[in-house]
>>> print(open('work-v4.cif').read())   # mmCIF, C-alpha atoms
data_query
#
loop_
_atom_site.label_atom_id
_atom_site.label_comp_id
_atom_site.auth_asym_id
_atom_site.auth_seq_id
_atom_site.Cartn_x
_atom_site.Cartn_y
_atom_site.Cartn_z
CA MET T 14 14.56 15.30 -3.71
CA THR T 15 11.83 17.50 -5.23
CA THR T 16 8.19 16.64 -4.63
CA PRO T 17 6.43 16.08 -7.99
CA ALA T 18 4.17 18.99 -8.88
CA THR T 19 2.17 17.31 -11.67
CA LEU T 20 1.08 13.81 -12.59
CA LEU T 21 3.56 13.92 -15.47
CA GLU T 22 6.37 14.66 -13.00
CA LEU T 23 5.23 11.77 -10.80
CA HIS T 24 5.29 9.47 -13.81
CA ALA T 25 8.76 10.71 -14.73
CA ALA T 26 10.07 10.16 -11.19
CA LEU T 27 8.84 6.57 -11.22
CA ALA T 28 10.20 5.94 -14.70
CA ALA T 29 13.64 7.29 -13.67
CA ALA T 30 13.81 5.33 -10.40
CA THR T 31 16.68 2.85 -10.33
CA GLY T 32 16.36 -0.82 -9.53
CA PRO T 33 17.73 -2.88 -6.65
CA ASP T 34 21.43 -3.34 -5.90
CA GLU T 35 22.46 -6.49 -7.75
CA ALA T 36 25.76 -6.81 -5.90
CA ALA T 37 23.89 -6.82 -2.58
CA ARG T 38 21.44 -9.36 -3.99
CA ALA T 39 24.29 -11.63 -5.05
CA GLY T 40 25.97 -11.27 -1.66
CA ALA T 41 22.72 -12.09 0.13
CA GLN T 42 22.18 -15.13 -2.08
CA GLU T 43 25.72 -16.32 -1.40
CA ARG T 44 25.26 -15.92 2.34
CA ASN T 45 21.88 -17.67 2.23
CA GLY T 46 23.54 -20.67 0.60
CA GLN T 47 26.04 -20.96 3.45
CA LEU T 48 23.66 -20.77 6.43
CA THR T 49 23.23 -23.70 8.80
CA LYS T 50 20.10 -25.15 7.23
CA PRO T 51 19.19 -27.32 4.27
CA PRO T 52 18.83 -25.36 1.01
CA GLY T 53 15.39 -23.75 0.79
CA ALA T 54 14.37 -24.91 4.28
CA LEU T 55 13.12 -21.45 5.26
CA GLY T 56 10.96 -21.17 2.16
CA ARG T 57 9.69 -17.69 1.37
CA LEU T 58 11.64 -16.22 4.27
CA GLU T 59 14.80 -16.74 2.23
CA ASP T 60 13.36 -14.94 -0.78
CA LEU T 61 12.14 -12.09 1.42
CA ALA T 62 15.54 -11.58 3.01
CA ILE T 63 17.30 -11.52 -0.36
CA TRP T 64 14.68 -9.13 -1.81
CA TYR T 65 15.07 -6.77 1.14
CA ALA T 66 18.88 -6.94 1.00
CA ALA T 67 18.87 -5.99 -2.67
CA TRP T 68 16.65 -2.96 -2.15
CA ARG T 69 18.67 -1.75 0.83
CA GLY T 70 22.03 -2.37 -0.82
CA ASP T 71 23.23 -4.48 2.10
CA ALA T 72 23.89 -8.21 1.88
CA ARG T 73 23.37 -8.67 5.63
CA PRO T 74 20.65 -6.14 6.54
CA ALA T 75 18.44 -5.50 9.55
CA ILE T 76 15.28 -3.45 10.03
CA THR T 77 16.02 -0.65 12.49
CA ALA T 78 13.67 2.19 11.50
CA PRO T 79 10.26 1.03 10.20
CA GLN T 80 7.67 3.72 9.55
CA VAL T 81 3.87 3.49 9.50
CA LEU T 82 1.95 6.34 7.85
CA ILE T 83 -1.83 6.66 8.16
CA PHE T 84 -3.70 9.03 5.86
CA ALA T 85 -7.33 10.09 6.24
CA GLY T 86 -9.70 11.68 3.74
CA ASN T 87 -13.41 12.13 3.14
CA HIS T 88 -15.28 11.14 0.00
CA GLY T 89 -18.11 12.95 -1.71
CA VAL T 90 -19.40 9.64 -3.03
CA ALA T 91 -20.21 8.64 0.56
CA ALA T 92 -23.34 10.78 0.20
CA ARG T 93 -24.68 8.07 -2.10
CA GLY T 94 -25.05 5.76 0.92
CA VAL T 95 -22.27 3.34 -0.01
CA SER T 96 -21.00 2.83 3.55
CA ALA T 97 -22.53 1.39 6.69
CA PHE T 98 -21.06 4.32 8.64
CA PRO T 99 -21.44 8.12 8.29
CA PRO T 100 -18.53 10.36 7.21
CA GLU T 101 -18.23 11.72 10.76
CA VAL T 102 -16.53 8.45 11.69
CA THR T 103 -13.44 9.50 9.73
CA VAL T 104 -12.82 12.44 12.07
CA GLN T 105 -13.61 10.33 15.13
CA MET T 106 -11.18 7.60 14.09
CA VAL T 107 -8.41 10.13 13.41
CA ALA T 108 -8.83 11.24 17.02
CA ASN T 109 -8.66 7.60 18.11
CA PHE T 110 -5.40 7.13 16.18
CA ALA T 111 -3.99 10.28 17.76
CA HIS T 112 -4.81 8.97 21.25
CA GLY T 113 -3.33 5.53 20.60
CA GLY T 114 -6.61 3.63 20.73
CA ALA T 115 -6.80 1.90 17.35
CA ALA T 116 -5.55 -1.50 16.23
CA ILE T 117 -2.84 0.11 14.12
CA ASN T 118 -1.43 1.84 17.19
CA GLN T 119 -0.99 -1.50 18.94
CA LEU T 120 0.50 -3.25 15.92
CA SER T 121 2.89 -0.39 15.14
CA THR T 122 4.14 -0.39 18.73
CA LEU T 123 4.55 -4.16 18.63
CA ALA T 124 6.63 -3.85 15.46
CA GLY T 125 8.79 -1.07 16.87
CA ALA T 126 7.57 1.26 14.14
CA THR T 127 7.25 5.03 14.23
CA MET T 128 3.63 5.86 13.41
CA SER T 129 2.04 9.15 12.39
CA VAL T 130 -1.46 10.16 11.27
CA HIS T 131 -2.13 12.67 8.49
CA PRO T 132 -5.72 13.91 8.03
CA ILE T 133 -6.10 15.67 4.69
CA ASP T 134 -8.77 18.38 4.29
CA LEU T 135 -11.41 16.35 6.14
CA GLU T 136 -13.73 19.32 6.07
CA THR T 137 -13.68 19.24 2.26
CA PRO T 138 -14.74 15.87 0.82
CA THR T 139 -13.72 15.00 -2.70
CA ALA T 140 -16.36 15.49 -5.38
CA ASP T 141 -18.87 12.72 -6.10
CA PHE T 142 -17.07 10.83 -8.85
CA THR T 143 -20.32 9.68 -10.44
CA GLN T 144 -20.72 13.30 -11.57
CA GLY T 145 -17.14 13.88 -12.78
CA PRO T 146 -13.59 13.76 -11.41
CA ALA T 147 -13.18 13.34 -7.67
CA MET T 148 -10.24 15.76 -7.68
CA SER T 149 -8.63 18.36 -9.89
CA GLU T 150 -4.95 17.86 -10.72
CA ALA T 151 -4.03 20.50 -8.14
CA GLU T 152 -6.04 18.64 -5.48
CA VAL T 153 -4.64 15.21 -6.24
CA MET T 154 -1.08 16.56 -6.36
CA ALA T 155 -1.56 18.30 -3.01
CA ALA T 156 -2.60 14.95 -1.52
CA ILE T 157 0.25 13.10 -3.22
CA ALA T 158 2.62 15.70 -1.76
CA VAL T 159 1.34 14.97 1.75
CA GLY T 160 2.31 11.34 1.31
CA TRP T 161 5.57 12.04 -0.47
CA GLU T 162 6.74 14.45 2.22
CA ALA T 163 5.57 12.28 5.13
CA LEU T 164 8.11 9.61 4.25
CA ASP T 165 11.17 9.74 6.48
CA PRO T 166 14.22 9.27 4.23
CA ALA T 167 15.98 7.62 7.19
CA SER T 168 13.36 4.88 7.46
CA ASP T 169 14.20 1.41 6.18
CA LEU T 170 10.68 -0.02 5.77
CA LEU T 171 7.32 1.58 5.04
CA VAL T 172 3.73 0.58 5.72
CA VAL T 173 0.91 2.90 4.67
CA GLY T 174 -2.68 2.78 5.85
CA GLU T 175 -5.87 4.78 5.54
CA MET T 176 -9.11 5.92 7.06
CA GLY T 177 -11.95 7.33 5.01
CA ILE T 178 -15.64 6.46 4.96
CA GLY T 179 -16.51 5.49 1.39
CA ASN T 180 -12.99 4.52 0.39
CA THR T 181 -13.71 0.88 -0.47
CA THR T 182 -16.03 2.25 -3.15
CA SER T 183 -13.26 4.51 -4.39
CA ALA T 184 -10.77 1.61 -4.40
CA ALA T 185 -13.22 -0.62 -6.26
CA ALA T 186 -13.72 2.08 -8.90
CA ILE T 187 -9.95 2.42 -9.38
CA ALA T 188 -9.59 -1.36 -9.69
CA HIS T 189 -12.43 -1.44 -12.23
CA ALA T 190 -10.66 1.25 -14.28
CA LEU T 191 -7.25 -0.41 -14.06
CA PHE T 192 -8.18 -4.04 -14.60
CA GLY T 193 -11.50 -4.03 -16.48
CA GLY T 194 -14.23 -6.59 -16.01
CA ALA T 195 -17.55 -5.76 -14.40
CA ALA T 196 -18.05 -3.35 -11.51
CA GLU T 197 -19.32 -6.28 -9.43
CA ASP T 198 -15.95 -8.01 -9.80
CA TRP T 199 -14.28 -5.34 -7.69
CA THR T 200 -17.00 -4.32 -5.26
CA GLY T 201 -17.22 -5.80 -1.76
CA ARG T 202 -19.03 -5.20 1.49
CA GLY T 203 -16.44 -2.81 2.95
CA THR T 204 -17.60 -1.78 6.41
CA GLY T 205 -20.37 -4.37 6.26
CA VAL T 206 -23.14 -3.20 3.93
CA ASP T 207 -26.06 -5.54 3.30
CA ASP T 208 -27.04 -7.01 -0.08
CA ALA T 209 -28.91 -3.87 -1.09
CA GLY T 210 -25.90 -1.76 -0.11
CA LEU T 211 -23.59 -4.01 -2.11
CA SER T 212 -25.78 -3.66 -5.18
CA LEU T 213 -25.78 0.12 -4.76
CA LYS T 214 -21.99 0.16 -4.43
CA SER T 215 -21.59 -1.79 -7.67
CA LYS T 216 -23.93 0.63 -9.43
CA VAL T 217 -21.96 3.62 -8.11
CA VAL T 218 -18.64 2.07 -9.20
CA ALA T 219 -19.98 1.54 -12.73
CA GLU T 220 -21.32 5.10 -12.83
CA GLY T 221 -17.95 6.41 -11.71
CA LEU T 222 -16.09 4.89 -14.63
CA ALA T 223 -18.82 5.96 -17.06
CA ALA T 224 -18.48 9.54 -15.82
CA ASN T 225 -14.67 9.46 -16.07
CA PRO T 226 -13.69 7.50 -19.20
CA GLU T 227 -10.13 8.86 -19.05
CA ALA T 228 -9.62 6.75 -15.92
CA ALA T 229 -9.56 3.60 -18.02
CA GLN T 230 -6.90 5.05 -20.33
CA ASP T 231 -4.42 6.49 -17.81
CA PRO T 232 -3.79 4.86 -14.40
CA LEU T 233 -2.76 8.12 -12.75
CA GLN T 234 -5.95 9.73 -14.02
CA ALA T 235 -7.82 6.84 -12.40
CA LEU T 236 -6.24 7.88 -9.09
CA ARG T 237 -7.31 11.49 -9.67
CA CYS T 238 -10.79 10.88 -11.03
CA LEU T 239 -11.88 7.99 -8.81
CA GLY T 240 -9.60 8.15 -5.79
CA GLY T 241 -9.61 10.03 -2.53
CA ARG T 242 -7.05 12.20 -0.85
CA GLU T 243 -5.91 9.38 1.43
CA LEU T 244 -5.45 7.02 -1.54
CA ALA T 245 -3.43 9.67 -3.38
CA ALA T 246 -1.30 10.26 -0.29
CA MET T 247 -0.59 6.52 0.04
CA ALA T 248 0.46 6.47 -3.61
CA GLY T 249 2.73 9.46 -3.00
CA ALA T 250 4.46 7.80 -0.05
CA ILE T 251 4.88 4.49 -1.92
CA ALA T 252 6.29 6.31 -4.95
CA HIS T 253 8.78 8.27 -2.84
CA ALA T 254 9.85 5.02 -1.15
CA ARG T 255 10.45 3.51 -4.60
CA VAL T 256 12.72 6.40 -5.55
CA ARG T 257 14.66 6.07 -2.26
CA HIS T 258 14.91 2.24 -2.30
CA ILE T 259 12.87 1.89 0.88
CA PRO T 260 10.97 -1.42 0.86
CA VAL T 261 7.20 -1.30 1.34
CA ILE T 262 4.74 -3.77 2.84
CA LEU T 263 1.33 -3.20 1.26
CA ASP T 264 -1.79 -3.39 3.39
CA GLY T 265 -5.20 -4.45 2.10
CA PHE T 266 -7.65 -3.68 -0.68
CA ILE T 267 -7.60 0.12 -0.50
CA CYS T 268 -3.84 0.44 -0.16
CA THR T 269 -3.32 -2.05 -3.00
CA ALA T 270 -5.68 -0.13 -5.30
CA ALA T 271 -3.71 3.07 -4.71
CA ALA T 272 -0.42 1.26 -5.30
CA ALA T 273 -1.76 -0.51 -8.40
CA ALA T 274 -2.22 2.84 -10.13
CA LEU T 275 1.55 3.35 -9.88
CA GLU T 276 2.37 -0.11 -11.21
CA ARG T 277 -0.04 0.22 -14.11
CA ALA T 278 1.43 3.64 -14.93
CA VAL T 279 5.06 2.47 -14.80
CA PRO T 280 5.66 -1.31 -14.78
CA GLY T 281 8.14 -2.10 -12.01
CA ALA T 282 6.97 0.76 -9.79
CA LEU T 283 6.01 -1.80 -7.12
CA ASP T 284 9.09 -4.00 -7.33
CA HIS T 285 10.10 -2.63 -3.92
CA ALA T 286 6.78 -3.75 -2.39
CA VAL T 287 5.41 -7.02 -1.02
CA ALA T 288 1.82 -7.79 -0.07
CA GLY T 289 1.46 -7.96 3.68
CA HIS T 290 -1.78 -9.90 3.78
CA GLY T 291 -4.79 -11.05 1.81
CA SER T 292 -7.84 -9.07 2.88
CA ALA T 293 -11.29 -10.56 3.40
CA GLU T 294 -12.54 -7.86 0.98
CA GLN T 295 -13.55 -10.10 -1.89
CA ALA T 296 -11.60 -8.46 -4.73
CA HIS T 297 -8.26 -8.07 -2.96
CA GLY T 298 -6.98 -11.49 -3.96
CA ARG T 299 -7.90 -10.84 -7.59
CA MET T 300 -6.05 -7.53 -7.53
CA LEU T 301 -2.93 -9.08 -5.97
CA ALA T 302 -3.00 -11.78 -8.64
CA GLN T 303 -3.08 -9.09 -11.33
CA LEU T 304 -0.02 -7.53 -9.70
CA GLY T 305 1.78 -10.86 -9.31
CA LYS T 306 2.02 -10.58 -5.52
CA THR T 307 1.38 -13.39 -3.02
CA PRO T 308 0.42 -12.18 0.46
CA LEU T 309 2.59 -13.03 3.47
CA LEU T 310 -0.42 -13.53 5.75
CA GLN T 311 -3.97 -14.79 5.19
CA LEU T 312 -5.96 -13.91 8.31
CA ASP T 313 -9.27 -12.62 6.88
CA LEU T 314 -8.54 -9.08 8.05
CA ARG T 315 -10.62 -6.27 6.60
CA LEU T 316 -9.94 -3.41 8.96
CA GLY T 317 -7.65 -1.25 6.86
CA GLU T 318 -5.60 1.30 8.82
CA GLY T 319 -2.41 -0.44 7.64
CA SER T 320 -3.11 -3.17 10.20
CA GLY T 321 -2.25 -6.18 8.05
CA GLY T 322 0.87 -4.48 6.70
CA ALA T 323 2.07 -3.59 10.18
CA LEU T 324 1.49 -7.14 11.41
CA ALA T 325 3.52 -8.47 8.47
CA ILE T 326 6.53 -6.43 9.61
CA GLN T 327 7.07 -9.30 12.05
CA ILE T 328 7.40 -11.77 9.17
CA LEU T 329 10.01 -9.66 7.43
CA ARG T 330 11.86 -9.14 10.71
CA GLY T 331 11.92 -12.91 11.14
CA ALA T 332 13.30 -13.42 7.64
CA LEU T 333 16.11 -10.94 8.26
CA ALA T 334 16.85 -12.25 11.76
CA CYS T 335 17.49 -15.68 10.28
CA HIS T 336 19.38 -14.40 7.25
CA SER T 337 21.63 -11.92 9.04
CA GLY T 338 21.86 -13.60 12.43
CA MET T 339 22.26 -17.28 11.66
CA ALA T 340 25.75 -18.74 11.52
CA THR T 341 27.20 -20.12 8.32
CA PHE T 342 28.40 -23.71 8.29
CA ALA T 343 31.98 -22.47 8.50
CA GLU T 344 31.25 -20.13 11.42
CA ALA T 345 29.44 -22.87 13.34
CA GLY T 346 31.93 -25.59 12.55
CA VAL T 347 29.11 -27.75 11.18
CA ALA T 348 29.85 -30.23 8.42
CA GLY T 349 27.89 -30.05 5.20
CA GLY T 350 28.32 -26.42 4.15
#
>>> encode(input="work-v4.cif", output="structure tokens")
Amino acid sequence: MTTPATLLELHAALAAATGPDEAARAGAQERNGQLTKPPGALGRLEDLAIWYAAWRGDARPAITAPQVLIFAGNHGVAARGVSAFPPEVTVQMVANFAHGGAAINQLSTLAGATMSVHPIDLETPTADFTQGPAMSEAEVMAAIAVGWEALDPASDLLVVGEMGIGNTTSAAAIAHALFGGAAEDWTGRGTGVDDAGLSLKSKVVAEGLAANPEAAQDPLQALRCLGGRELAAMAGAIAHARVRHIPVILDGFICTAAAAALERAVPGALDHAVAGHGSAEQAHGRMLAQLGKTPLLQLDLRLGEGSGGALAIQILRGALACHSGMATFAEAGVAGG
């Protein structure tokens, strides 16, 4: 499957992507109705299992090859002082990921997921988007290609995460472009900035959209003009998973902003994705509501790295264990089926 070379090609790939397998969905629904439990007793777990079955084309599926992809990038807008940490932390955290020392390493191992880390041109930050586009089309497509090509076609579940000082500002700017409202609606404390830092972030987000008016007209241009390389790479991996019918568990605010650009560009582009958790970053819940997605977990996480998404793999595993492993009434010899 060819990696898109332009934003138009990415749009076309999403628009041409087929939907879930309705025969598998029907088979999963039929099985769910025969399991040894009262109807609806497992709540959202039942819906999750049926959703996953439909996307995998298997009425009795199991997760055997989950993949976690972490992308890292540096942001020119960080020079505006929008983060509590310096850009050097991005490089340091990439090394921590590589040595297995971060939260996402532990949660990926716990979930039985293959994890890899992909730093993208850390020595070359994106441009300051308050002065014009963060990336050229060639730059954003190069980052999208990193994500697209990092997806293992043999995987059966994807979680994407990120590291990049300044990227909550970038995500807030994308959300502002995609969903409107005031810059303050989408701006949060990120790594823990104080009130003055929060006010500065909101100002920078507003300046970003003012400097890139095309971002409000075209969601993929919002990703290019206001995003970062790690956000573009996450979008690339999520888009490739959509084309290959690989379900996705979204992480927090930054991941959701990157994914939202795809959904706003092509409605239905995130039908293969569920929200893993609701972040403590103040605008995440509002963004999920705009996308019509209810998070599986609500634990006040705000770490990023794909941590909430990786933790939510356990919820989906539980849904499928019950769906595919439970006996039907007939198999168990229980009356009432």
>>> closest_atom_pairs(input="work-v4.cif", of="range 244-266 of chain T", to="range 181-192 of chain T", cutoff="12 Å", atoms="only C-alpha atoms", output="JSON lines")
{"residue": "T:Leu244", "atom": "CA", "partner": "T:Ala184", "partner_atom": "CA", "distance": 8.1}
{"residue": "T:Ala245", "atom": "CA", "partner": "T:Ala184", "partner_atom": "CA", "distance": 10.9}
{"residue": "T:Gly265", "atom": "CA", "partner": "T:Thr181", "partner_atom": "CA", "distance": 10.4}
{"residue": "T:Phe266", "atom": "CA", "partner": "T:Ala184", "partner_atom": "CA", "distance": 7.2}
>>> residues_around(input="work-v4.cif", residues="Arg315 in chain T", least_positions_apart="2", cutoff="9 Å", atoms="only C-alpha atoms", output="compact mmCIF listing (two decimals) with C-alpha atoms, in the coordinates of the input")
# COMPACT_ATOMS: atom_id res chain seq x y z
CA GLY T 203 -16.44 -2.81 2.95
CA THR T 204 -17.60 -1.78 6.41
CA GLY T 265 -5.20 -4.45 2.10
CA PHE T 266 -7.65 -3.68 -0.68
CA GLY T 291 -4.79 -11.05 1.81
CA SER T 292 -7.84 -9.07 2.88
CA ALA T 293 -11.29 -10.56 3.40
CA GLU T 294 -12.54 -7.86 0.98
CA ASP T 313 -9.27 -12.62 6.88
CA GLY T 317 -7.65 -1.25 6.86
CA SER T 320 -3.11 -3.17 10.20
CA GLY T 321 -2.25 -6.18 8.05
>>> resolve_selection(input="work-v4.cif", expression="the PyMOL selection byres ((chain T and resi 52-65) around 8)", output="ChimeraX atom specification")
/T:38,41-42,45-46,50-51,66-69,72,74,260,328-329,331-333,336
>>> resolve_selection(input="work-v4.cif", expression="the PyMOL selection byres ((chain T and resi 224) around 7)", output="ChimeraX atom specification")
/T:143-145,220-223,225-226
>>> closest_residue(input="work-v4.cif", among="T:Lys214, T:Asn109, T:Gly201, T:Ile251", to="His297 in chain T", atoms="only C-alpha atoms")
T:Gly201
>>> atom_distance(input="work-v4.cif", atom1="CA of Ala334 in chain T", atom2="CA of Leu164 in chain T")
24.7 Å
>>> atom_distance(input="work-v4.cif", atom1="CA of Met14 in chain T", atom2="CA of Ala254 in chain T")
11.6 Å
>>> residues_near_point(input="work-v4.cif", point="(-2.6, 6.8, 2.6)", cutoff="9 Å", atoms="only C-alpha atoms", output="list in words")
Leu82, Ile83, Phe84, Ala85, Gly86, His131, Gly160, Val173, Gly174, Glu175, Met176, Arg242, Glu243, Leu244, Ala245, Ala246, Met247, Ala248, Gly249, Ala250, Ile267, Cys268, Ala271, Glu318 and Gly319 of chain T
>>> residues_around(input="work-v4.cif", residues="Glu101 in chain T", least_positions_apart="2", cutoff="12 Å", atoms="all atoms listed in the file", output="list in words")
Ala85, Gly86, Asn87, His88, Ala91, Ala92, Ser96, Ala97, Phe98, Pro99, Thr103, Val104, Gln105, Met106, Val107, Ala108, Leu135, Glu136, Pro138, Met176, Gly177, Ile178 and Gly179 of chain T
>>> decode(input="work-v4.cif", residues="range 105-186 of chain T", atoms="C-alpha atoms", output="PDB file, in the first residue's frame")
ATOM      1  CA  GLN T 105      16.213  13.154  27.148  1.00  0.00           C
ATOM      2  CA  MET T 106      12.807  11.466  27.262  1.00  0.00           C
ATOM      3  CA  VAL T 107      13.435   9.699  23.943  1.00  0.00           C
ATOM      4  CA  ALA T 108      16.517   8.184  25.566  1.00  0.00           C
ATOM      5  CA  ASN T 109      14.396   7.191  28.559  1.00  0.00           C
ATOM      6  CA  PHE T 110      11.890   5.458  26.259  1.00  0.00           C
ATOM      7  CA  ALA T 111      14.726   3.656  24.498  1.00  0.00           C
ATOM      8  CA  HIS T 112      16.063   2.376  27.833  1.00  0.00           C
ATOM      9  CA  GLY T 113      12.656   1.227  29.065  1.00  0.00           C
ATOM     10  CA  GLY T 114      12.350   3.765  31.862  1.00  0.00           C
ATOM     11  CA  ALA T 115       9.118   5.619  31.057  1.00  0.00           C
ATOM     12  CA  ALA T 116       5.540   4.924  32.083  1.00  0.00           C
ATOM     13  CA  ILE T 117       4.642   3.898  28.540  1.00  0.00           C
ATOM     14  CA  ASN T 118       7.306   1.185  28.619  1.00  0.00           C
ATOM     15  CA  GLN T 119       5.714  -0.373  31.687  1.00  0.00           C
ATOM     16  CA  LEU T 120       2.165  -0.123  30.372  1.00  0.00           C
ATOM     17  CA  SER T 121       3.089  -1.504  26.943  1.00  0.00           C
ATOM     18  CA  THR T 122       4.814  -4.485  28.555  1.00  0.00           C
ATOM     19  CA  LEU T 123       1.818  -5.057  30.812  1.00  0.00           C
ATOM     20  CA  ALA T 124      -0.474  -5.068  27.770  1.00  0.00           C
ATOM     21  CA  GLY T 125       1.755  -7.442  25.818  1.00  0.00           C
ATOM     22  CA  ALA T 126       2.265  -4.773  23.163  1.00  0.00           C
ATOM     23  CA  THR T 127       5.221  -4.269  20.863  1.00  0.00           C
ATOM     24  CA  MET T 128       6.485  -0.724  21.427  1.00  0.00           C
ATOM     25  CA  SER T 129       8.839   1.399  19.337  1.00  0.00           C
ATOM     26  CA  VAL T 130      10.012   5.013  19.542  1.00  0.00           C
ATOM     27  CA  HIS T 131      10.455   7.257  16.502  1.00  0.00           C
ATOM     28  CA  PRO T 132      12.232  10.614  16.998  1.00  0.00           C
ATOM     29  CA  ILE T 133      11.692  12.862  13.988  1.00  0.00           C
ATOM     30  CA  ASP T 134      14.304  15.517  13.140  1.00  0.00           C
ATOM     31  CA  LEU T 135      14.702  16.587  16.770  1.00  0.00           C
ATOM     32  CA  GLU T 136      17.606  18.790  15.786  1.00  0.00           C
ATOM     33  CA  THR T 137      15.279  20.800  13.522  1.00  0.00           C
ATOM     34  CA  PRO T 138      12.251  22.213  15.363  1.00  0.00           C
ATOM     35  CA  THR T 139       9.209  23.186  13.364  1.00  0.00           C
ATOM     36  CA  ALA T 140       8.817  26.882  12.599  1.00  0.00           C
ATOM     37  CA  ASP T 141       7.109  29.166  15.120  1.00  0.00           C
ATOM     38  CA  PHE T 142       3.522  28.994  13.913  1.00  0.00           C
ATOM     39  CA  THR T 143       2.742  32.498  15.165  1.00  0.00           C
ATOM     40  CA  GLN T 144       4.896  33.705  12.257  1.00  0.00           C
ATOM     41  CA  GLY T 145       3.495  31.396   9.558  1.00  0.00           C
ATOM     42  CA  PRO T 146       3.100  27.669   8.888  1.00  0.00           C
ATOM     43  CA  ALA T 147       4.871  25.277  11.241  1.00  0.00           C
ATOM     44  CA  MET T 148       5.745  22.991   8.317  1.00  0.00           C
ATOM     45  CA  SER T 149       5.877  23.018   4.549  1.00  0.00           C
ATOM     46  CA  GLU T 150       3.869  20.342   2.744  1.00  0.00           C
ATOM     47  CA  ALA T 151       7.071  18.374   2.140  1.00  0.00           C
ATOM     48  CA  GLU T 152       7.881  18.499   5.866  1.00  0.00           C
ATOM     49  CA  VAL T 153       4.438  17.476   7.057  1.00  0.00           C
ATOM     50  CA  MET T 154       4.268  14.653   4.515  1.00  0.00           C
ATOM     51  CA  ALA T 155       7.685  13.383   5.595  1.00  0.00           C
ATOM     52  CA  ALA T 156       6.399  13.201   9.172  1.00  0.00           C
ATOM     53  CA  ILE T 157       3.121  11.588   8.111  1.00  0.00           C
ATOM     54  CA  ALA T 158       5.183   9.007   6.207  1.00  0.00           C
ATOM     55  CA  VAL T 159       7.112   8.139   9.379  1.00  0.00           C
ATOM     56  CA  GLY T 160       3.841   7.297  11.094  1.00  0.00           C
ATOM     57  CA  TRP T 161       2.293   5.565   8.102  1.00  0.00           C
ATOM     58  CA  GLU T 162       5.315   3.316   7.609  1.00  0.00           C
ATOM     59  CA  ALA T 163       5.783   2.574  11.317  1.00  0.00           C
ATOM     60  CA  LEU T 164       2.479   0.710  11.437  1.00  0.00           C
ATOM     61  CA  ASP T 165       2.940  -3.046  11.333  1.00  0.00           C
ATOM     62  CA  PRO T 166       0.303  -4.427   8.933  1.00  0.00           C
ATOM     63  CA  ALA T 167       0.272  -7.624  11.023  1.00  0.00           C
ATOM     64  CA  SER T 168      -0.796  -5.773  14.170  1.00  0.00           C
ATOM     65  CA  ASP T 169      -4.392  -6.047  15.333  1.00  0.00           C
ATOM     66  CA  LEU T 170      -4.596  -2.982  17.594  1.00  0.00           C
ATOM     67  CA  LEU T 171      -2.789   0.357  17.589  1.00  0.00           C
ATOM     68  CA  VAL T 172      -2.008   2.932  20.257  1.00  0.00           C
ATOM     69  CA  VAL T 173      -0.024   6.034  19.330  1.00  0.00           C
ATOM     70  CA  GLY T 174       1.702   8.408  21.717  1.00  0.00           C
ATOM     71  CA  GLU T 175       4.007  11.399  21.625  1.00  0.00           C
ATOM     72  CA  MET T 176       6.766  13.394  23.218  1.00  0.00           C
ATOM     73  CA  GLY T 177       7.492  16.983  22.308  1.00  0.00           C
ATOM     74  CA  ILE T 178       7.970  20.042  24.503  1.00  0.00           C
ATOM     75  CA  GLY T 179       5.410  22.621  23.371  1.00  0.00           C
ATOM     76  CA  ASN T 180       2.994  20.131  21.854  1.00  0.00           C
ATOM     77  CA  THR T 181       0.004  20.925  24.072  1.00  0.00           C
ATOM     78  CA  THR T 182       0.169  24.421  22.582  1.00  0.00           C
ATOM     79  CA  SER T 183       0.255  22.926  19.105  1.00  0.00           C
ATOM     80  CA  ALA T 184      -2.687  20.627  19.915  1.00  0.00           C
ATOM     81  CA  ALA T 185      -4.681  23.520  21.359  1.00  0.00           C
ATOM     82  CA  ALA T 186      -4.071  25.557  18.210  1.00  0.00           C
TER      83      ALA T 186
END
